[in-house]
Amino acid sequence: MAEKFASISPAEFFKRNPELAGFSNPARAMYQTLREMIENSLDATDVHEILPSIKITIDLVDQQKQIYKISVEDNGIGIPPHIVPEAFGRVLYSSKYVLRQTRGMYGLGVKAAVLYSQMYQERPVEIATSPMNSKRIYFFKLKIDVTKNEPIIYERSSALNDKGYHGTSVSLYLLGDWQRAKQRIYEYIKRTYIVAPYAEFIFKDPEGNVIYYKRLTTKIPEPPKEVKPHPYGVDIELLKNMISKQKNDYAVKDFLTKEFQSVGDVTAVKILEMAKIDPDKKISSLKDEELSRLTEAMKKFEGFRPPSPEALSVIGSDLIELSLKNMYNPEFVAALTRKPKAYQGHPFIVEVGIAYGGQIQPAEEPLVLRYANKIPLIYDEKSDVIWKVVEETDWKRYGIEEDMKPLVVMVHLCSTKVPYKSAGKESIADVEEIEKEIKNGVMEVARKLRLYMLEKRKEEEAKKRMLTYLKYIPEVARSISIFATNDDKEKALKVQNQIQEKLFEMIKTRLDIKDVEEYKLYKVEAI
Ligand SMILES: Nc1ncnc2c1ncn2[C@@H]1O[C@H](COP(=O)(O)OP(=O)(O)OP(=O)(O)O)[C@@H](O)[C@H]1O
């Protein structure tokens with residue numbers, strides 16, 4: 001039999017393989033839809049220095065068929081009306097294909113949700129949006145033409161925006177499974193809030209429960225800046241693509257200095273010498289083998305500065321500590337932001353937070369909070385490099401002896417290119433440089449925990465010794481007072497009290513005990 005050949009559109013591909021984008025069953029689809037929408041809302045706010053206010057609602061609209069309506073509303077930058085149909089109706093269309101850290105990166109998320117939505121029910125996705133300073137609010141209802149990978153617009157209208165509103169509201173209907181998705185959806189929102197304490201979230205679930213996470217601070221992390229590519233990150237296709245987009249037919253030397261980071265005149269000449277290319281040659285006339293030599297020279301050259309971390313936006317140790325304290329009420333918390341590093345030309349930064357004791361539920365393994373570009377990762381925990389590092393950590397070395405540990409470890413990786421294992425963005429691949437950096441981060445913060453544990457143990461030891469000494473104080477004080485007052489009973493009692501007080505102070509100072517109130521209440525007979 002002859003093979004039958006055909007070509008399919010990207011929309012058709014993801015419709016056929018929804019699990020690649022995280023839509024493998026109704027529960028997971030519900031969770032994935034919600035997160036794609038929330039992540040778009042956060043990208044439209046904090047990346048633009050707007051304090052996010054996000055409203056999330058899930059309603060059951062058809063009990064029998066288990067169709068839910070998921071709505072997310074934000075106060076972000078909005079979407080220009082001519083962009084909306086493509087942004088929601090064309091798979092692989094995005095504003096995030098630039099070198100800048102954002103939650104979105106594939107141009108797929110919300111379209112994968114729309115595709116899943118229209119597979120099992122007939123209502124289109126509804127969008128209301130108003131860009132900053134727009135006098136109108138725009139409304140759309142649309143679906144995706146799967147074969148053509150194009151939007152099909154069902155309704156389009158607009159209304160006066162007289163209240164200065166800006167932002168976007170998206171409502172999507174889908175076959176879901178609330179009971180199975182519930183726990184992970186709650187966890188997702190909670191963990192999102194942990195790294196965005198400058199945001200407020202209102203969530204109404206289909207059972208009518210409402211939770212409100214209030215804004216804890218108005219301090220918003222420094223937003224990321226768009227940067228040019230780093231020479232270590234190039235390949236032949238990237239070079240071709242960049243050249244094809246140039247308006248100027250640059251000399252190759254100028255192309256290198258103007259379009260890449262860390263390349264000055266001297267460096268450009270050195271690279272071109274290595275690649276055996278005339279610096280004045282026009283980029284449009286570069287042949288494939290020259291591009292190949294240029295790529296190789298750029299990879300081999302050792303004098304570049306590391307990729308610029310300007311494109312990254314960290315959470316910051318103060319916000320991490322604030323959130324861990326607020327959420328888990330621990331007795332100890334510490335966090336740190338490591339210095340920028342790079343892998344394959346992509347800059348990245350690791351942040352680690354740790355919380356111990358207090359109201360944290362003890363468990364055999366620490367509770368691991370994984371984050372990539374401020375997105376909490378909930379599924380596929382065991383296949384993630386963060387999990388691997390935390391699991392391999394020997395907590396005994398850091399003073400945690402308990403089998404049941406009251407410990408939360410939070411790790412955040414931010415990068416212009418997070419090496420996710422799939423388009424569903426649930427786990428990070430073990431890239432050597434990243435793994436090493438996470439390990440160093442966890443060790444560094446764990447050492448702070450160890451210092452605290454040492455202090456705590458010292459204090460406990462001191463308290464034990466204090467109790468031993470306390471046993472002797474009354475007897476010693478009584479004997480000396482009798483001797484000193486020549487057995488004058490009235491005076492003796494007073495002197496005894498004074499000696500007792502002095503001895504108590506001496507021991508306290510010697511043992512360096514801060515909190516002595518509890519000991520004052522001790523009765524010798526009770527010890
Ligand atoms: N709430 C929103 N506010 C502003 N822009 C939005 C919003 N939702 C979607 N967009 C725009 O639509 C585009 C497409 O979103 P989509 O979720 O499909 O992909 P993405 O976020 O770019 O990438 P990824 O697939 O990695 O999530 C976004 O890049 C953004 O420009």
# chains A, B, ... in the order shown; residues from 1 in each chain; ligands from 1
>>> residues_around(residues="Lys228 (chain A)", least_positions_apart="3", cutoff="12 Å", atoms="only C-alpha atoms", output="list of chain:residue names")
A:Val98, A:Leu99, A:Arg100, A:Lys225, A:Pro231, A:Tyr232, A:Gly233, A:Val234, A:Met242, A:Phe255, A:Leu256, A:Thr257, A:Lys258, A:Glu259, A:Phe260, A:Gln261, A:Ser262, A:Val263, A:Pro307, A:Ser308, A:Pro309, A:Glu310, A:Ala311, A:Gly345, A:His346, A:Pro347, A:Thr416
>>> residues_near_ligand(ligand="ligand 1", cutoff="7 Å", atoms="only C-alpha atoms and all ligand atoms", output="VMD selection string")
chain A and resid 36 to 37 40 to 41 44 74 76 to 79 87 to 88 91 93 to 96 103 to 111 167 to 169
>>> write_last_selection(atoms="C-alpha atoms", output="mmCIF file, in the first residue's frame")
data_model
loop_
_atom_site.group_PDB
_atom_site.id
_atom_site.type_symbol
_atom_site.label_atom_id
_atom_site.label_comp_id
_atom_site.auth_asym_id
_atom_site.auth_seq_id
_atom_site.Cartn_x
_atom_site.Cartn_y
_atom_site.Cartn_z
ATOM 1 C CA GLU A 36 -2.660 30.245 30.822
ATOM 2 C CA MET A 37 -5.184 33.021 31.409
ATOM 3 C CA ASN A 40 -1.264 36.302 30.446
ATOM 4 C CA SER A 41 -2.895 38.661 32.928
ATOM 5 C CA ALA A 44 0.094 42.280 31.045
ATOM 6 C CA ASP A 74 -7.137 41.929 34.755
ATOM 7 C CA GLY A 76 -3.294 45.183 32.465
ATOM 8 C CA ILE A 77 -2.192 46.999 29.343
ATOM 9 C CA GLY A 78 -5.046 45.524 27.265
ATOM 10 C CA ILE A 79 -4.746 44.320 23.681
ATOM 11 C CA ALA A 87 -3.724 36.658 19.645
ATOM 12 C CA PHE A 88 -6.619 34.316 20.478
ATOM 13 C CA VAL A 91 -1.621 29.218 17.092
ATOM 14 C CA TYR A 93 1.166 34.124 17.498
ATOM 15 C CA SER A 94 2.585 36.097 20.394
ATOM 16 C CA SER A 95 4.015 39.334 21.702
ATOM 17 C CA LYS A 96 6.537 37.320 23.699
ATOM 18 C CA ARG A 103 5.733 33.956 31.707
ATOM 19 C CA GLY A 104 4.560 33.369 28.152
ATOM 20 C CA MET A 105 7.034 32.308 25.510
ATOM 21 C CA TYR A 106 5.459 29.895 23.009
ATOM 22 C CA GLY A 107 2.479 31.848 21.625
ATOM 23 C CA LEU A 108 0.369 28.817 22.262
ATOM 24 C CA GLY A 109 -1.213 28.822 25.727
ATOM 25 C CA VAL A 110 -4.551 30.540 25.343
ATOM 26 C CA LYS A 111 -5.032 29.135 21.816
ATOM 27 C CA GLY A 167 -7.241 45.648 30.938
ATOM 28 C CA THR A 168 -8.627 42.458 29.529
ATOM 29 C CA SER A 169 -11.303 39.979 30.468
#
>>> residues_around(residues="Ala268 (chain A)", least_positions_apart="4", cutoff="9 Å", atoms="only C-alpha atoms", output="list in words")
Val252, Lys253, Asp254, Leu256, Thr257, Val263, Gly264, Leu272, Glu273 and Pro279 of chain A
>>> write_last_selection(atoms="N, CA and C atoms", output="PDB file, in the first residue's frame")
ATOM      1  N   VAL A 252      28.971  43.357   7.445  1.00  0.00           N
ATOM      2  CA  VAL A 252      28.811  42.328   8.480  1.00  0.00           C
ATOM      3  C   VAL A 252      29.379  42.788   9.833  1.00  0.00           C
ATOM      4  N   LYS A 253      30.444  43.602   9.787  1.00  0.00           N
ATOM      5  CA  LYS A 253      31.032  44.088  11.044  1.00  0.00           C
ATOM      6  C   LYS A 253      30.010  44.964  11.801  1.00  0.00           C
ATOM      7  N   ASP A 254      29.321  45.844  11.086  1.00  0.00           N
ATOM      8  CA  ASP A 254      28.323  46.714  11.740  1.00  0.00           C
ATOM      9  C   ASP A 254      27.133  45.892  12.225  1.00  0.00           C
ATOM     10  N   LEU A 256      27.227  42.923  13.367  1.00  0.00           N
ATOM     11  CA  LEU A 256      27.599  42.281  14.633  1.00  0.00           C
ATOM     12  C   LEU A 256      27.567  43.271  15.793  1.00  0.00           C
ATOM     13  N   THR A 257      28.093  44.479  15.579  1.00  0.00           N
ATOM     14  CA  THR A 257      28.152  45.421  16.703  1.00  0.00           C
ATOM     15  C   THR A 257      26.781  45.994  17.040  1.00  0.00           C
ATOM     16  N   VAL A 263      29.292  42.967  21.692  1.00  0.00           N
ATOM     17  CA  VAL A 263      30.228  42.975  20.557  1.00  0.00           C
ATOM     18  C   VAL A 263      30.573  44.418  20.194  1.00  0.00           C
ATOM     19  N   GLY A 264      31.826  44.793  20.467  1.00  0.00           N
ATOM     20  CA  GLY A 264      32.315  46.112  20.055  1.00  0.00           C
ATOM     21  C   GLY A 264      33.105  45.956  18.765  1.00  0.00           C
ATOM     22  N   LEU A 272      35.479  38.101  12.942  1.00  0.00           N
ATOM     23  CA  LEU A 272      35.449  37.964  11.479  1.00  0.00           C
ATOM     24  C   LEU A 272      36.780  37.437  10.937  1.00  0.00           C
ATOM     25  N   GLU A 273      37.850  37.760  11.660  1.00  0.00           N
ATOM     26  CA  GLU A 273      39.149  37.193  11.303  1.00  0.00           C
ATOM     27  C   GLU A 273      39.113  35.677  11.484  1.00  0.00           C
ATOM     28  N   PRO A 279      35.285  42.084   6.831  1.00  0.00           N
ATOM     29  CA  PRO A 279      34.386  42.863   7.704  1.00  0.00           C
ATOM     30  C   PRO A 279      33.444  43.787   6.931  1.00  0.00           C
TER      31      PRO A 279
END
>>> atom_distance(atom1="CA of Arg450 (chain A)", atom2="CA of Tyr398 (chain A)")
4.5 Å
>>> closest_residue(among="A:Leu291, A:Val418, A:Ala275, A:Ala199", to="Lys240 (chain A)", atoms="only C-alpha atoms")
A:Leu291
>>> residues_around(residues="region 143-145 of chain A", least_positions_apart="4", cutoff="6 Å", atoms="only C-alpha atoms", output="VMD selection string")
chain A and resid 89 124 149 to 152
>>> write_last_selection(atoms="C-alpha atoms", output="PDB file, in the first residue's frame")
ATOM      1  CA  GLY A  89      -7.176  32.650  17.122  1.00  0.00           C
ATOM      2  CA  PRO A 124     -16.882  30.719  21.345  1.00  0.00           C
ATOM      3  CA  ASN A 149      -5.049  28.175  11.744  1.00  0.00           C
ATOM      4  CA  GLU A 150      -7.059  31.395  11.572  1.00  0.00           C
ATOM      5  CA  PRO A 151      -9.570  33.126  13.798  1.00  0.00           C
ATOM      6  CA  ILE A 152     -13.281  32.899  12.955  1.00  0.00           C
TER       7      ILE A 152
END
>>> residues_around(residues="Ile400 (chain A)", least_positions_apart="3", cutoff="9 Å", atoms="only C-alpha atoms", output="ChimeraX atom specification")
/A:394-397,403,405,449-450,453
>>> write_last_selection(atoms="N, CA and C atoms", output="PDB file, in the first residue's frame")
ATOM      1  N   ASP A 394      21.313  16.740  51.732  1.00  0.00           N
ATOM      2  CA  ASP A 394      21.365  16.018  53.001  1.00  0.00           C
ATOM      3  C   ASP A 394      21.057  17.008  54.134  1.00  0.00           C
ATOM      4  N   TRP A 395      19.793  17.045  54.533  1.00  0.00           N
ATOM      5  CA  TRP A 395      19.358  18.075  55.478  1.00  0.00           C
ATOM      6  C   TRP A 395      19.990  17.929  56.847  1.00  0.00           C
ATOM      7  N   LYS A 396      20.466  16.706  57.163  1.00  0.00           N
ATOM      8  CA  LYS A 396      21.134  16.505  58.473  1.00  0.00           C
ATOM      9  C   LYS A 396      22.356  17.420  58.582  1.00  0.00           C
ATOM     10  N   ARG A 397      23.040  17.596  57.462  1.00  0.00           N
ATOM     11  CA  ARG A 397      24.223  18.460  57.475  1.00  0.00           C
ATOM     12  C   ARG A 397      23.883  19.888  57.868  1.00  0.00           C
ATOM     13  N   ASP A 403      12.907  13.163  61.304  1.00  0.00           N
ATOM     14  CA  ASP A 403      12.413  12.358  60.174  1.00  0.00           C
ATOM     15  C   ASP A 403      11.277  13.100  59.496  1.00  0.00           C
ATOM     16  N   LYS A 405      10.081  16.539  58.686  1.00  0.00           N
ATOM     17  CA  LYS A 405      10.677  17.885  58.678  1.00  0.00           C
ATOM     18  C   LYS A 405       9.629  18.972  58.426  1.00  0.00           C
ATOM     19  N   LEU A 449      20.141  28.409  57.475  1.00  0.00           N
ATOM     20  CA  LEU A 449      19.272  27.612  58.344  1.00  0.00           C
ATOM     21  C   LEU A 449      20.124  26.899  59.393  1.00  0.00           C
ATOM     22  N   ARG A 450      21.288  26.399  58.953  1.00  0.00           N
ATOM     23  CA  ARG A 450      22.142  25.675  59.892  1.00  0.00           C
ATOM     24  C   ARG A 450      22.597  26.584  61.035  1.00  0.00           C
ATOM     25  N   MET A 453      19.812  26.913  63.364  1.00  0.00           N
ATOM     26  CA  MET A 453      19.602  25.689  64.139  1.00  0.00           C
ATOM     27  C   MET A 453      20.663  25.557  65.234  1.00  0.00           C
TER      28      MET A 453
END
>>> closest_residue(among="A:His412, A:Lys382, A:Lys69, A:Arg180", to="Ser427 (chain A)", atoms="only C-alpha atoms")
A:Lys382
>>> select_by_dssp(residues="region 14-243 of chain A", states="strand (DSSP E)", output="PyMOL selection string")
chain A and resi 53-62+67-73+125-130+136-145+150-160+167-175+200-204+210-213
>>> select_by_dssp(residues="region 199-419 of chain A", states="helix (DSSP H, G or I)", output="CSV table (one decimal) with N, CA and C atoms, in the first residue's frame")
chain,number,residue,atom,x,y,z
A,231,PRO,N,26.0,36.5,21.4
A,231,PRO,CA,26.7,35.7,20.4
A,231,PRO,C,26.7,34.2,20.7
A,232,TYR,N,26.9,33.8,22.0
A,232,TYR,CA,26.9,32.4,22.4
A,232,TYR,C,25.6,31.7,22.0
A,233,GLY,N,24.5,32.4,21.9
A,233,GLY,CA,23.2,31.8,21.7
A,233,GLY,C,22.9,31.6,20.2
A,236,ILE,N,23.0,29.0,12.9
A,236,ILE,CA,22.9,29.5,11.5
A,236,ILE,C,21.6,30.0,11.1
A,237,GLU,N,20.5,29.3,11.6
A,237,GLU,CA,19.2,29.8,11.2
A,237,GLU,C,18.8,31.1,11.9
A,238,LEU,N,19.3,31.3,13.1
A,238,LEU,CA,19.0,32.6,13.8
A,238,LEU,C,19.7,33.7,13.0
A,239,LEU,N,20.9,33.5,12.6
A,239,LEU,CA,21.6,34.5,11.8
A,239,LEU,C,20.9,34.8,10.5
A,240,LYS,N,20.4,33.8,9.8
A,240,LYS,CA,19.7,34.0,8.6
A,240,LYS,C,18.4,34.8,8.8
A,241,ASN,N,17.7,34.4,9.9
A,241,ASN,CA,16.5,35.0,10.2
A,241,ASN,C,16.7,36.5,10.5
A,242,MET,N,17.8,36.8,11.3
A,242,MET,CA,18.0,38.2,11.7
A,242,MET,C,18.4,39.0,10.4
A,243,ILE,N,19.2,38.4,9.6
A,243,ILE,CA,19.6,39.1,8.4
A,243,ILE,C,18.4,39.4,7.5
A,244,SER,N,17.5,38.4,7.4
A,244,SER,CA,16.3,38.6,6.5
A,244,SER,C,15.4,39.7,7.0
A,245,LYS,N,15.5,40.0,8.3
A,245,LYS,CA,14.6,41.0,8.9
A,245,LYS,C,15.3,42.4,8.9
A,252,VAL,N,29.0,43.4,7.4
A,252,VAL,CA,28.8,42.3,8.5
A,252,VAL,C,29.4,42.8,9.8
A,253,LYS,N,30.4,43.6,9.8
A,253,LYS,CA,31.0,44.1,11.0
A,253,LYS,C,30.0,45.0,11.8
A,254,ASP,N,29.3,45.8,11.1
A,254,ASP,CA,28.3,46.7,11.7
A,254,ASP,C,27.1,45.9,12.2
A,255,PHE,N,26.8,44.9,11.4
A,255,PHE,CA,25.7,44.0,11.8
A,255,PHE,C,26.0,43.4,13.2
A,256,LEU,N,27.2,42.9,13.4
A,256,LEU,CA,27.6,42.3,14.6
A,256,LEU,C,27.6,43.3,15.8
A,257,THR,N,28.1,44.5,15.6
A,257,THR,CA,28.2,45.4,16.7
A,257,THR,C,26.8,46.0,17.0
A,258,LYS,N,25.9,46.1,16.0
A,258,LYS,CA,24.6,46.8,16.3
A,258,LYS,C,23.5,45.8,16.8
A,259,GLU,N,23.6,44.6,16.3
A,259,GLU,CA,22.5,43.7,16.6
A,259,GLU,C,22.8,42.6,17.7
A,265,ASP,N,33.7,47.1,18.3
A,265,ASP,CA,34.4,47.0,17.0
A,265,ASP,C,35.5,46.0,17.0
A,266,VAL,N,36.3,46.1,18.1
A,266,VAL,CA,37.5,45.2,18.2
A,266,VAL,C,37.1,43.7,18.1
A,267,THR,N,36.1,43.4,19.0
A,267,THR,CA,35.6,42.0,19.0
A,267,THR,C,35.1,41.6,17.7
A,268,ALA,N,34.3,42.5,17.0
A,268,ALA,CA,33.7,42.1,15.7
A,268,ALA,C,34.8,41.7,14.7
A,269,VAL,N,35.9,42.6,14.7
A,269,VAL,CA,37.0,42.3,13.8
A,269,VAL,C,37.7,41.0,14.1
A,270,LYS,N,37.9,40.7,15.4
A,270,LYS,CA,38.5,39.4,15.8
A,270,LYS,C,37.7,38.2,15.3
A,271,ILE,N,36.3,38.3,15.6
A,271,ILE,CA,35.5,37.2,15.2
A,271,ILE,C,35.5,37.0,13.7
A,272,LEU,N,35.5,38.1,12.9
A,272,LEU,CA,35.4,38.0,11.5
A,272,LEU,C,36.8,37.4,10.9
A,273,GLU,N,37.9,37.8,11.7
A,273,GLU,CA,39.1,37.2,11.3
A,273,GLU,C,39.1,35.7,11.5
A,274,MET,N,38.6,35.3,12.7
A,274,MET,CA,38.5,33.8,12.9
A,274,MET,C,37.6,33.1,11.9
A,283,ILE,N,25.8,42.0,4.5
A,283,ILE,CA,25.2,40.8,5.0
A,283,ILE,C,24.3,40.0,4.0
A,284,SER,N,23.7,40.8,3.1
A,284,SER,CA,22.8,40.1,2.1
A,284,SER,C,23.6,39.1,1.2
A,285,SER,N,24.9,39.4,1.1
A,285,SER,CA,25.7,38.5,0.2
A,285,SER,C,26.4,37.4,0.9
A,288,ASP,N,25.9,30.5,2.7
A,288,ASP,CA,25.6,29.5,3.8
A,288,ASP,C,26.9,29.1,4.6
A,289,GLU,N,28.0,28.8,3.8
A,289,GLU,CA,29.2,28.3,4.5
A,289,GLU,C,29.9,29.5,5.3
A,290,GLU,N,29.7,30.7,4.8
A,290,GLU,CA,30.2,31.8,5.6
A,290,GLU,C,29.4,32.0,6.9
A,291,LEU,N,28.1,31.8,6.8
A,291,LEU,CA,27.3,31.9,8.0
A,291,LEU,C,27.6,30.8,9.0
A,292,SER,N,28.0,29.7,8.4
A,292,SER,CA,28.3,28.5,9.3
A,292,SER,C,29.7,28.9,10.0
A,293,ARG,N,30.6,29.4,9.3
A,293,ARG,CA,31.9,29.8,9.9
A,293,ARG,C,31.7,30.9,10.9
A,294,LEU,N,30.8,31.8,10.6
A,294,LEU,CA,30.6,32.9,11.5
A,294,LEU,C,30.0,32.4,12.8
A,295,THR,N,29.0,31.5,12.7
A,295,THR,CA,28.4,30.9,13.9
A,295,THR,C,29.4,30.2,14.7
A,296,GLU,N,30.3,29.5,14.1
A,296,GLU,CA,31.3,28.7,14.8
A,296,GLU,C,32.3,29.7,15.6
A,297,ALA,N,32.7,30.7,14.8
A,297,ALA,CA,33.6,31.7,15.4
A,297,ALA,C,33.0,32.4,16.6
A,298,MET,N,31.7,32.7,16.5
A,298,MET,CA,31.0,33.4,17.6
A,298,MET,C,30.9,32.4,18.8
A,299,LYS,N,30.8,31.2,18.6
A,299,LYS,CA,30.7,30.2,19.7
A,299,LYS,C,32.0,30.0,20.4
A,300,LYS,N,33.1,30.0,19.5
A,300,LYS,CA,34.4,29.7,20.0
A,300,LYS,C,35.1,30.9,20.7
A,309,PRO,N,22.0,40.4,32.2
A,309,PRO,CA,20.8,40.0,33.1
A,309,PRO,C,19.7,41.0,33.1
A,310,GLU,N,19.9,42.1,32.3
A,310,GLU,CA,18.9,43.1,32.2
A,310,GLU,C,17.5,42.6,31.8
A,311,ALA,N,17.6,41.5,31.0
A,311,ALA,CA,16.3,41.0,30.4
A,311,ALA,C,15.6,40.2,31.5
A,317,SER,N,14.9,38.8,47.5
A,317,SER,CA,14.8,38.0,48.7
A,317,SER,C,13.8,38.6,49.7
A,318,ASP,N,13.6,39.9,49.7
A,318,ASP,CA,12.7,40.5,50.7
A,318,ASP,C,11.3,40.1,50.4
A,319,LEU,N,10.9,40.1,49.1
A,319,LEU,CA,9.5,39.7,48.8
A,319,LEU,C,9.3,38.2,49.1
A,320,ILE,N,10.3,37.4,48.8
A,320,ILE,CA,10.2,35.9,49.0
A,320,ILE,C,10.0,35.7,50.5
A,321,GLU,N,10.8,36.4,51.3
A,321,GLU,CA,10.7,36.2,52.8
A,321,GLU,C,9.3,36.6,53.3
A,322,LEU,N,8.9,37.8,52.8
A,322,LEU,CA,7.6,38.3,53.2
A,322,LEU,C,6.5,37.3,52.9
A,323,SER,N,6.5,36.7,51.7
A,323,SER,CA,5.5,35.8,51.3
A,323,SER,C,5.5,34.5,52.1
A,324,LEU,N,6.7,34.0,52.3
A,324,LEU,CA,6.8,32.7,53.0
A,324,LEU,C,6.4,32.9,54.4
A,325,LYS,N,6.7,34.0,55.0
A,325,LYS,CA,6.3,34.3,56.4
A,325,LYS,C,4.8,34.4,56.4
A,326,ASN,N,4.2,35.1,55.5
A,326,ASN,CA,2.8,35.3,55.5
A,326,ASN,C,2.0,34.0,55.2
A,327,MET,N,2.5,33.2,54.4
A,327,MET,CA,1.8,32.0,54.0
A,327,MET,C,2.0,30.8,55.0
A,328,TYR,N,3.2,30.7,55.5
A,328,TYR,CA,3.4,29.5,56.3
A,328,TYR,C,3.7,29.7,57.8
A,381,GLU,N,6.3,16.9,39.3
A,381,GLU,CA,7.3,17.3,40.3
A,381,GLU,C,8.5,16.5,40.2
A,382,LYS,N,8.3,15.2,40.1
A,382,LYS,CA,9.5,14.3,40.3
A,382,LYS,C,10.4,14.3,39.1
A,383,SER,N,10.0,14.9,38.0
A,383,SER,CA,10.9,14.9,36.8
A,383,SER,C,11.6,16.2,36.7
A,385,VAL,N,14.3,19.3,37.7
A,385,VAL,CA,15.6,19.4,38.2
A,385,VAL,C,15.6,20.1,39.6
A,386,ILE,N,14.7,20.9,39.9
A,386,ILE,CA,14.6,21.5,41.2
A,386,ILE,C,14.3,20.5,42.3
A,387,TRP,N,13.4,19.6,42.0
A,387,TRP,CA,13.0,18.5,42.9
A,387,TRP,C,14.3,17.6,43.1
A,388,LYS,N,15.0,17.3,42.0
A,388,LYS,CA,16.1,16.5,42.1
A,388,LYS,C,17.2,17.1,43.1
A,389,VAL,N,17.4,18.4,43.0
A,389,VAL,CA,18.4,19.0,43.8
A,389,VAL,C,18.0,19.0,45.3
A,390,VAL,N,16.7,19.3,45.5
A,390,VAL,CA,16.2,19.4,46.9
A,390,VAL,C,16.2,18.0,47.5
A,391,GLU,N,15.8,17.0,46.7
A,391,GLU,CA,15.8,15.6,47.2
A,391,GLU,C,17.2,15.1,47.5
A,392,GLU,N,18.2,15.5,46.8
A,392,GLU,CA,19.5,15.0,47.0
A,392,GLU,C,20.2,15.8,48.2
A,395,TRP,N,19.8,17.0,54.5
A,395,TRP,CA,19.4,18.1,55.5
A,395,TRP,C,20.0,17.9,56.8
A,396,LYS,N,20.5,16.7,57.2
A,396,LYS,CA,21.1,16.5,58.5
A,396,LYS,C,22.4,17.4,58.6
A,397,ARG,N,23.0,17.6,57.5
A,397,ARG,CA,24.2,18.5,57.5
A,397,ARG,C,23.9,19.9,57.9
A,398,TYR,N,22.6,20.2,57.7
A,398,TYR,CA,22.2,21.6,58.0
A,398,TYR,C,21.4,21.7,59.3
>>> closest_residue(among="A:Ile189, A:Val47, A:Ile375, A:Ala334", to="Glu426 (chain A)", atoms="only C-alpha atoms")
A:Ile375
